[in-house]
Each structure stands twice: as C-alpha cells, then as structure tokens.
Amino acid sequence: MTCRYFSRRVDILVNTVAILHFAPFEDLDMADYDATINVNIKGYFLMTQGFGCITIEQKYGNIVHISSIAPHFPERYSGAYTMTKAAVNMLSKQVAA
C-alpha cells in the first residue's frame, strides 16, 4: 500500500473542522448543504483515509474525531450540520471496527 498524503512519520490525527449554515431545514440552500457535506464529512473521510494508510505502514497511530452533541440533541436551523456530525460519529465507529 502506498500512502500518497504524508511523507513523514505521523502519530496522531485530530479532525475538528466544521461549518454550520443556519437556516430552517426547508430553506437550506443546496450550495450551503453541499459545502457542509464536503467539509464536515468528506474532509474527515479524506484525512482519516490518508492517515489510516500511514498508520497501517507504521503499525501505530491515533485518530481523534471531534464531533458535537448535535446528533443527540438536534437544534433548529442546523439540519445539515446535525446530519454531518452524526456521520462523523459513525465514521469513527467504522474506522475503529
């Protein structure tokens, strides 16, 4: 397996980036929704995949995904954000498995 993202030893990844577009669910702009998905899910996925490749080669590494209470306590006007943070929680479980 060749890791294309990192060229040096890396021991920990902390994923903490997120964006939130406040809007009622029915009024959420598709561009804002797509941006939220791209940053809050795809960003975590790509970094985790790249880092995971390194940890397999090194046989060591730690991943920390910072999520939110939003998947457990959804708030008004944060529908896309809440969904993406639930996805981050499941991504963490999937990678651990």
# chains A, B, ... in the order shown; residues from 1 in each chain; ligands from 1

$ residues_around --residues "His72 in chain A" --least-positions-apart "5" --cutoff "10 Å" --atoms "only C-alpha atoms" --output "list in words"
Thr82, Lys85 and Ala86 of chain A

$ residues_around --residues "Ala23 in chain A" --least-positions-apart "4" --cutoff "9 Å" --atoms "only C-alpha atoms" --output "ChimeraX atom specification"
/A:27-29,76-79

$ write_last_selection --atoms "N, CA and C atoms" --output "PDB file, in the first residue's frame"
ATOM      1  N   ASP A  27     -35.566  25.682   4.044  1.00  0.00           N
ATOM      2  CA  ASP A  27     -34.972  26.804   3.307  1.00  0.00           C
ATOM      3  C   ASP A  27     -33.473  26.647   3.078  1.00  0.00           C
ATOM      4  N   LEU A  28     -32.909  25.522   3.475  1.00  0.00           N
ATOM      5  CA  LEU A  28     -31.472  25.335   3.357  1.00  0.00           C
ATOM      6  C   LEU A  28     -31.054  25.348   1.889  1.00  0.00           C
ATOM      7  N   ASP A  29     -30.174  26.239   1.559  1.00  0.00           N
ATOM      8  CA  ASP A  29     -29.668  26.389   0.198  1.00  0.00           C
ATOM      9  C   ASP A  29     -28.814  25.171  -0.173  1.00  0.00           C
ATOM     10  N   ARG A  76     -32.710  23.658  16.151  1.00  0.00           N
ATOM     11  CA  ARG A  76     -33.343  24.291  14.996  1.00  0.00           C
ATOM     12  C   ARG A  76     -32.292  25.004  14.158  1.00  0.00           C
ATOM     13  N   TYR A  77     -32.534  25.060  12.881  1.00  0.00           N
ATOM     14  CA  TYR A  77     -31.688  25.791  11.939  1.00  0.00           C
ATOM     15  C   TYR A  77     -30.287  25.201  11.753  1.00  0.00           C
ATOM     16  N   SER A  78     -30.093  23.943  12.127  1.00  0.00           N
ATOM     17  CA  SER A  78     -28.776  23.332  11.913  1.00  0.00           C
ATOM     18  C   SER A  78     -28.913  21.908  11.372  1.00  0.00           C
ATOM     19  N   GLY A  79     -29.888  21.708  10.479  1.00  0.00           N
ATOM     20  CA  GLY A  79     -30.180  20.376   9.965  1.00  0.00           C
ATOM     21  C   GLY A  79     -29.029  19.692   9.261  1.00  0.00           C
TER      22      GLY A  79
END

$ select_by_dssp --residues "chain A" --states "alpha helix (DSSP H)" --output "PDB file with N, CA and C atoms, in the first residue's frame"
ATOM      1  N   MET A  30     -28.987  24.653  -1.391  1.00  0.00           N
ATOM      2  CA  MET A  30     -28.268  23.457  -1.813  1.00  0.00           C
ATOM      3  C   MET A  30     -26.752  23.674  -1.818  1.00  0.00           C
ATOM      4  N   ALA A  31     -26.291  24.849  -2.181  1.00  0.00           N
ATOM      5  CA  ALA A  31     -24.845  25.125  -2.161  1.00  0.00           C
ATOM      6  C   ALA A  31     -24.311  25.066  -0.730  1.00  0.00           C
ATOM      7  N   ASP A  32     -25.079  25.599   0.220  1.00  0.00           N
ATOM      8  CA  ASP A  32     -24.671  25.539   1.625  1.00  0.00           C
ATOM      9  C   ASP A  32     -24.696  24.101   2.133  1.00  0.00           C
ATOM     10  N   TYR A  33     -25.701  23.348   1.725  1.00  0.00           N
ATOM     11  CA  TYR A  33     -25.790  21.936   2.103  1.00  0.00           C
ATOM     12  C   TYR A  33     -24.578  21.169   1.567  1.00  0.00           C
ATOM     13  N   ASP A  34     -24.261  21.356   0.294  1.00  0.00           N
ATOM     14  CA  ASP A  34     -23.118  20.668  -0.313  1.00  0.00           C
ATOM     15  C   ASP A  34     -21.812  21.038   0.377  1.00  0.00           C
ATOM     16  N   ALA A  35     -21.640  22.313   0.693  1.00  0.00           N
ATOM     17  CA  ALA A  35     -20.422  22.757   1.381  1.00  0.00           C
ATOM     18  C   ALA A  35     -20.311  22.095   2.753  1.00  0.00           C
ATOM     19  N   THR A  36     -21.421  22.003   3.458  1.00  0.00           N
ATOM     20  CA  THR A  36     -21.425  21.372   4.780  1.00  0.00           C
ATOM     21  C   THR A  36     -21.048  19.897   4.674  1.00  0.00           C
ATOM     22  N   ILE A  37     -21.608  19.207   3.705  1.00  0.00           N
ATOM     23  CA  ILE A  37     -21.273  17.797   3.476  1.00  0.00           C
ATOM     24  C   ILE A  37     -19.792  17.649   3.132  1.00  0.00           C
ATOM     25  N   GLY A  43     -14.242  15.885   4.287  1.00  0.00           N
ATOM     26  CA  GLY A  43     -12.951  16.299   4.846  1.00  0.00           C
ATOM     27  C   GLY A  43     -12.449  15.303   5.884  1.00  0.00           C
ATOM     28  N   TYR A  44     -13.336  14.899   6.786  1.00  0.00           N
ATOM     29  CA  TYR A  44     -12.966  13.900   7.802  1.00  0.00           C
ATOM     30  C   TYR A  44     -12.580  12.585   7.129  1.00  0.00           C
ATOM     31  N   PHE A  45     -13.369  12.177   6.150  1.00  0.00           N
ATOM     32  CA  PHE A  45     -13.103  10.916   5.458  1.00  0.00           C
ATOM     33  C   PHE A  45     -11.730  10.922   4.791  1.00  0.00           C
ATOM     34  N   LEU A  46     -11.448  11.960   4.020  1.00  0.00           N
ATOM     35  CA  LEU A  46     -10.179  12.007   3.287  1.00  0.00           C
ATOM     36  C   LEU A  46      -8.976  12.040   4.223  1.00  0.00           C
ATOM     37  N   MET A  47      -9.057  12.822   5.289  1.00  0.00           N
ATOM     38  CA  MET A  47      -7.944  12.878   6.241  1.00  0.00           C
ATOM     39  C   MET A  47      -7.785  11.533   6.961  1.00  0.00           C
ATOM     40  N   THR A  48      -8.890  10.927   7.330  1.00  0.00           N
ATOM     41  CA  THR A  48      -8.831   9.636   8.017  1.00  0.00           C
ATOM     42  C   THR A  48      -8.268   8.562   7.103  1.00  0.00           C
ATOM     43  N   GLN A  49      -8.684   8.566   5.859  1.00  0.00           N
ATOM     44  CA  GLN A  49      -8.189   7.577   4.900  1.00  0.00           C
ATOM     45  C   GLN A  49      -6.686   7.732   4.690  1.00  0.00           C
ATOM     46  N   GLY A  50      -6.244   8.956   4.479  1.00  0.00           N
ATOM     47  CA  GLY A  50      -4.816   9.199   4.270  1.00  0.00           C
ATOM     48  C   GLY A  50      -3.991   8.846   5.492  1.00  0.00           C
ATOM     49  N   PHE A  51      -4.470   9.252   6.660  1.00  0.00           N
ATOM     50  CA  PHE A  51      -3.758   8.956   7.894  1.00  0.00           C
ATOM     51  C   PHE A  51      -3.797   7.459   8.192  1.00  0.00           C
ATOM     52  N   GLY A  52      -4.932   6.831   7.922  1.00  0.00           N
ATOM     53  CA  GLY A  52      -5.045   5.390   8.150  1.00  0.00           C
ATOM     54  C   GLY A  52      -4.027   4.606   7.357  1.00  0.00           C
ATOM     55  N   CYS A  53      -3.776   5.047   6.163  1.00  0.00           N
ATOM     56  CA  CYS A  53      -2.765   4.412   5.315  1.00  0.00           C
ATOM     57  C   CYS A  53      -1.397   4.454   5.999  1.00  0.00           C
ATOM     58  N   ILE A  54      -1.053   5.600   6.568  1.00  0.00           N
ATOM     59  CA  ILE A  54       0.217   5.761   7.271  1.00  0.00           C
ATOM     60  C   ILE A  54       0.267   4.861   8.504  1.00  0.00           C
ATOM     61  N   THR A  55      -0.819   4.827   9.271  1.00  0.00           N
ATOM     62  CA  THR A  55      -0.804   4.024  10.497  1.00  0.00           C
ATOM     63  C   THR A  55      -0.663   2.540  10.194  1.00  0.00           C
ATOM     64  N   ILE A  56      -1.200   2.111   9.086  1.00  0.00           N
ATOM     65  CA  ILE A  56      -1.035   0.710   8.694  1.00  0.00           C
ATOM     66  C   ILE A  56       0.434   0.426   8.401  1.00  0.00           C
ATOM     67  N   GLU A  57       1.084   1.328   7.671  1.00  0.00           N
ATOM     68  CA  GLU A  57       2.503   1.142   7.363  1.00  0.00           C
ATOM     69  C   GLU A  57       3.370   1.239   8.614  1.00  0.00           C
ATOM     70  N   GLN A  58       3.047   2.189   9.504  1.00  0.00           N
ATOM     71  CA  GLN A  58       3.828   2.394  10.727  1.00  0.00           C
ATOM     72  C   GLN A  58       3.491   1.374  11.812  1.00  0.00           C
ATOM     73  N   GLY A  79     -29.888  21.708  10.479  1.00  0.00           N
ATOM     74  CA  GLY A  79     -30.180  20.376   9.965  1.00  0.00           C
ATOM     75  C   GLY A  79     -29.029  19.692   9.261  1.00  0.00           C
ATOM     76  N   ALA A  80     -28.366  20.370   8.360  1.00  0.00           N
ATOM     77  CA  ALA A  80     -27.258  19.749   7.632  1.00  0.00           C
ATOM     78  C   ALA A  80     -26.086  19.482   8.570  1.00  0.00           C
ATOM     79  N   TYR A  81     -25.792  20.403   9.448  1.00  0.00           N
ATOM     80  CA  TYR A  81     -24.706  20.240  10.421  1.00  0.00           C
ATOM     81  C   TYR A  81     -24.959  19.015  11.300  1.00  0.00           C
ATOM     82  N   THR A  82     -26.169  18.906  11.818  1.00  0.00           N
ATOM     83  CA  THR A  82     -26.512  17.789  12.695  1.00  0.00           C
ATOM     84  C   THR A  82     -26.324  16.456  11.980  1.00  0.00           C
ATOM     85  N   MET A  83     -26.771  16.363  10.746  1.00  0.00           N
ATOM     86  CA  MET A  83     -26.610  15.122   9.982  1.00  0.00           C
ATOM     87  C   MET A  83     -25.140  14.778   9.779  1.00  0.00           C
ATOM     88  N   THR A  84     -24.326  15.789   9.485  1.00  0.00           N
ATOM     89  CA  THR A  84     -22.910  15.516   9.231  1.00  0.00           C
ATOM     90  C   THR A  84     -22.194  15.080  10.496  1.00  0.00           C
ATOM     91  N   LYS A  85     -22.572  15.628  11.631  1.00  0.00           N
ATOM     92  CA  LYS A  85     -21.921  15.222  12.875  1.00  0.00           C
ATOM     93  C   LYS A  85     -22.329  13.813  13.272  1.00  0.00           C
ATOM     94  N   ALA A  86     -23.544  13.416  12.946  1.00  0.00           N
ATOM     95  CA  ALA A  86     -23.945  12.017  13.148  1.00  0.00           C
ATOM     96  C   ALA A  86     -23.095  11.108  12.256  1.00  0.00           C
ATOM     97  N   ALA A  87     -22.817  11.556  11.046  1.00  0.00           N
ATOM     98  CA  ALA A  87     -21.972  10.782  10.132  1.00  0.00           C
ATOM     99  C   ALA A  87     -20.544  10.675  10.667  1.00  0.00           C
ATOM    100  N   VAL A  88     -20.037  11.739  11.261  1.00  0.00           N
ATOM    101  CA  VAL A  88     -18.697  11.696  11.867  1.00  0.00           C
ATOM    102  C   VAL A  88     -18.658  10.660  12.984  1.00  0.00           C
ATOM    103  N   ASN A  89     -19.708  10.620  13.799  1.00  0.00           N
ATOM    104  CA  ASN A  89     -19.766   9.621  14.870  1.00  0.00           C
ATOM    105  C   ASN A  89     -19.705   8.211  14.301  1.00  0.00           C
ATOM    106  N   MET A  90     -20.441   7.956  13.232  1.00  0.00           N
ATOM    107  CA  MET A  90     -20.441   6.625  12.629  1.00  0.00           C
ATOM    108  C   MET A  90     -19.119   6.336  11.916  1.00  0.00           C
ATOM    109  N   LEU A  91     -18.526   7.349  11.295  1.00  0.00           N
ATOM    110  CA  LEU A  91     -17.205   7.165  10.684  1.00  0.00           C
ATOM    111  C   LEU A  91     -16.210   6.696  11.733  1.00  0.00           C
ATOM    112  N   SER A  92     -16.252   7.300  12.908  1.00  0.00           N
ATOM    113  CA  SER A  92     -15.346   6.895  13.995  1.00  0.00           C
ATOM    114  C   SER A  92     -15.550   5.436  14.361  1.00  0.00           C
ATOM    115  N   LYS A  93     -16.793   5.028  14.479  1.00  0.00           N
ATOM    116  CA  LYS A  93     -17.085   3.632  14.818  1.00  0.00           C
ATOM    117  C   LYS A  93     -16.657   2.679  13.711  1.00  0.00           C
ATOM    118  N   GLN A  94     -16.863   3.108  12.475  1.00  0.00           N
ATOM    119  CA  GLN A  94     -16.492   2.267  11.329  1.00  0.00           C
ATOM    120  C   GLN A  94     -14.978   2.061  11.271  1.00  0.00           C
ATOM    121  N   VAL A  95     -14.235   3.140  11.470  1.00  0.00           N
ATOM    122  CA  VAL A  95     -12.776   3.045  11.415  1.00  0.00           C
ATOM    123  C   VAL A  95     -12.267   2.179  12.568  1.00  0.00           C
ATOM    124  N   ALA A  96     -12.868   2.330  13.733  1.00  0.00           N
ATOM    125  CA  ALA A  96     -12.454   1.523  14.883  1.00  0.00           C
ATOM    126  C   ALA A  96     -12.702   0.037  14.636  1.00  0.00           C
TER     127      ALA A  96
END

$ atom_distance --atom1 "CA of Gly61 in chain A" --atom2 "CA of Leu13 in chain A"
8.0 Å

$ atom_distance --atom1 "CA of Lys59 in chain A" --atom2 "CA of Val39 in chain A"
28.1 Å

$ select_by_dssp --residues "chain A" --states "strand (DSSP E)" --output "number ranges by chain"
A: 12-15, 62-65

$ write_last_selection --atoms "N, CA and C atoms" --output "PDB file, in the first residue's frame"
ATOM      1  N   ILE A  12      -0.537  11.114  15.184  1.00  0.00           N
ATOM      2  CA  ILE A  12      -1.892  11.440  15.612  1.00  0.00           C
ATOM      3  C   ILE A  12      -2.568  12.352  14.591  1.00  0.00           C
ATOM      4  N   LEU A  13      -3.844  12.108  14.402  1.00  0.00           N
ATOM      5  CA  LEU A  13      -4.691  12.962  13.566  1.00  0.00           C
ATOM      6  C   LEU A  13      -5.831  13.464  14.438  1.00  0.00           C
ATOM      7  N   VAL A  14      -6.039  14.765  14.462  1.00  0.00           N
ATOM      8  CA  VAL A  14      -7.180  15.353  15.156  1.00  0.00           C
ATOM      9  C   VAL A  14      -8.036  16.049  14.105  1.00  0.00           C
ATOM     10  N   ASN A  15      -9.194  15.475  13.830  1.00  0.00           N
ATOM     11  CA  ASN A  15     -10.160  16.057  12.895  1.00  0.00           C
ATOM     12  C   ASN A  15     -11.139  16.900  13.702  1.00  0.00           C
ATOM     13  N   ASN A  62      -2.982   7.241  16.165  1.00  0.00           N
ATOM     14  CA  ASN A  62      -4.215   7.551  16.885  1.00  0.00           C
ATOM     15  C   ASN A  62      -5.022   8.568  16.095  1.00  0.00           C
ATOM     16  N   ILE A  63      -6.326   8.374  16.098  1.00  0.00           N
ATOM     17  CA  ILE A  63      -7.234   9.302  15.425  1.00  0.00           C
ATOM     18  C   ILE A  63      -8.225   9.824  16.450  1.00  0.00           C
ATOM     19  N   VAL A  64      -8.390  11.149  16.456  1.00  0.00           N
ATOM     20  CA  VAL A  64      -9.387  11.800  17.302  1.00  0.00           C
ATOM     21  C   VAL A  64     -10.323  12.567  16.381  1.00  0.00           C
ATOM     22  N   HIS A  65     -11.596  12.212  16.427  1.00  0.00           N
ATOM     23  CA  HIS A  65     -12.614  12.952  15.681  1.00  0.00           C
ATOM     24  C   HIS A  65     -13.409  13.779  16.673  1.00  0.00           C
TER      25      HIS A  65
END

$ atom_distance --atom1 "CA of Phe73 in chain A" --atom2 "CA of Lys42 in chain A"
22.6 Å

$ closest_residue --among "A:Thr16, A:Arg8, A:Ala97, A:Phe22" --to "Ser67 in chain A" --atoms "only C-alpha atoms"
A:Thr16
